[in-house]
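Presented below is the structure to which this report refers.
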Amino acid sequence: MSLAISLALIAGLLWAISNVIDKVALSKYIKNPLIVTPIVGLVSFLFGFFILVQNNQVLPSQIIWKIIGLSTLLFLAIISYFIAVKHEEISRIIPIYGLSPALMALLEFFFFGTMLATLQYFGIAAAVLGVVLITYGSATTKINKKGLTFILIGTLLWSFTFMYLARIFNEYGYWKALGWEQFTIGVLGLLSLLLVKREFFESMKANSQKAFYLIFTSEVFGTAAGAIGFYAASLWAASLTSAVASDQYILVFLISLFITKKWPQLFEEKVGPKIIIQKTISILLIIAGIFLISL
């Protein structure tokens, strides 16, 4: 159990680093978040292709098509994430993903009839309250509507796809299914280059490839976090792993606060006492909700 907890904490740290790198790239070097998708596609394609080549397990064709369909929705969730990160503070956007366990619990109830325990209802309420609090603000601190809309879309899509993909992973084997998922996202990401080809290469040229290296590095961190997180879940309970990995939200907040103080030219976040207290309470409520849902 101690190994699983350590791995889950590491996964949360790697996800947090990936989130912050994305924010730096989108704030400083990239105007259109859609030009990020070909880089995401490259990393996913290489990772997925490697897994499929190394794994000899054969999946039924209907399962492969299900994975492809779900991975397409997951690709749309990734696009929604990057648009949200472009338009809002990273420390306000990322904790909204804390709604995912609540959404998955509700989706499993409606689609599969999985009953919820009393504590889970309290957990859902705490997570929702935390998200509502973190989005609340005055005229000068109100959350960007576009950022909020897209992160909610991304959270819903991610929760829905993960719920079904998790069942496929458990029934047909994690690595082969993951290989098809990553390969599909990779192909879609590379194909998206056809839509943003001119703007992509203009951005890479203007920024001396800094944007490419930042996003590529971020995706490597994100992919490693996913692999470590799923391995931790295989040693422990997936729900508890998810709860421990929510250290991501605190770390994103602390790292972004440090960057704003130390290198404000990279990106800035609102750091007044009231907003810091608001974010802290919101994140703690979301994490408490995740733990209650996971019990």
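Residue numbers start at 1 in each chain; chains themselves are named A, B, ... in the order of the structure tokens; ligands are numbered from 1 in the order shown.
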
Any chance you could tabulate, as a tab-separated table, the residues of segment 61-159 of chain A at most 9 Å from segment 30-44 of chain A with each one's nearest atom pair and distance in Å to one decimal, using only C-alpha atoms, in chain and rising number order?
```
residue	atom	partner	partner_atom	distance
A:Phe75	CA	A:Thr37	CA	8.9
A:Ile78	CA	A:Thr37	CA	8.3
A:Ile79	CA	A:Leu34	CA	6.9
A:Phe82	CA	A:Pro33	CA	5.8
A:Ile83	CA	A:Pro33	CA	5.7
A:Val85	CA	A:Pro33	CA	8.7
A:Lys86	CA	A:Pro33	CA	6.7
```

* Asked: Which neighbours of segment 211-228 of chain A fall inside 7 Å, counting only C-alpha atoms, when residues of the same chain fewer than 4 positions from it are skipped, and could you give them as a PyMOL selection string?
  -> chain A and resi 7+11+14-15+18+21-22+25+29-30+39-40+43+204+207+232

* Selection near segment 65-70 of chain A, 7 Å with only C-alpha atoms, sequence-local residues under 4 positions removed, as a PyMOL selection string -> chain A and resi 61+74+161+180-181+184

May I have the selected residues written with C-alpha atoms, as a compact mmCIF listing (two decimals), in the first residue's frame?
```
# COMPACT_ATOMS: atom_id res chain seq x y z
CA SER A 61 -12.47 -5.97 -33.37
CA LEU A 74 -11.09 11.85 -25.08
CA THR A 161 -14.74 8.10 -21.48
CA TRP A 180 -5.03 1.50 -28.92
CA GLU A 181 -6.24 4.52 -26.92
CA THR A 184 -5.96 6.71 -31.73
```

* Asked: What gap, in Å, lies between atom CA of Pro101 of chain A and atom CA of Tyr136 of chain A?
  -> 21.5 Å

* Interatomic distance, atom CA of Ala16 of chain A to atom CA of Tyr249 of chain A (Å, one decimal) -> 7.1 Å

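Nearest to Ser159 of chain A of all the residues A:Leu251, A:Val187, A:Ile51, A:Leu103 is A:Leu103, based on only C-alpha atoms.
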
* Given only C-alpha atoms as the counted atoms, nearest of A:Ile283, A:Leu129, A:Leu76, A:Ala243 to Leu157 of chain A -> A:Leu76

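Distances here use only C-alpha atoms; by that measure, the residue among A:Leu46, A:Ile90, A:Leu165, A:Ile5 closest to Gly186 of chain A is A:Leu46.
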
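Taking only C-alpha atoms, the non-local environment of Gly289 of chain A within 6 Å (same-chain residues fewer than 3 positions away omitted) comprises Gly123, Ile124, Ala126, Ala127, Ile286 and Leu292 of chain A.
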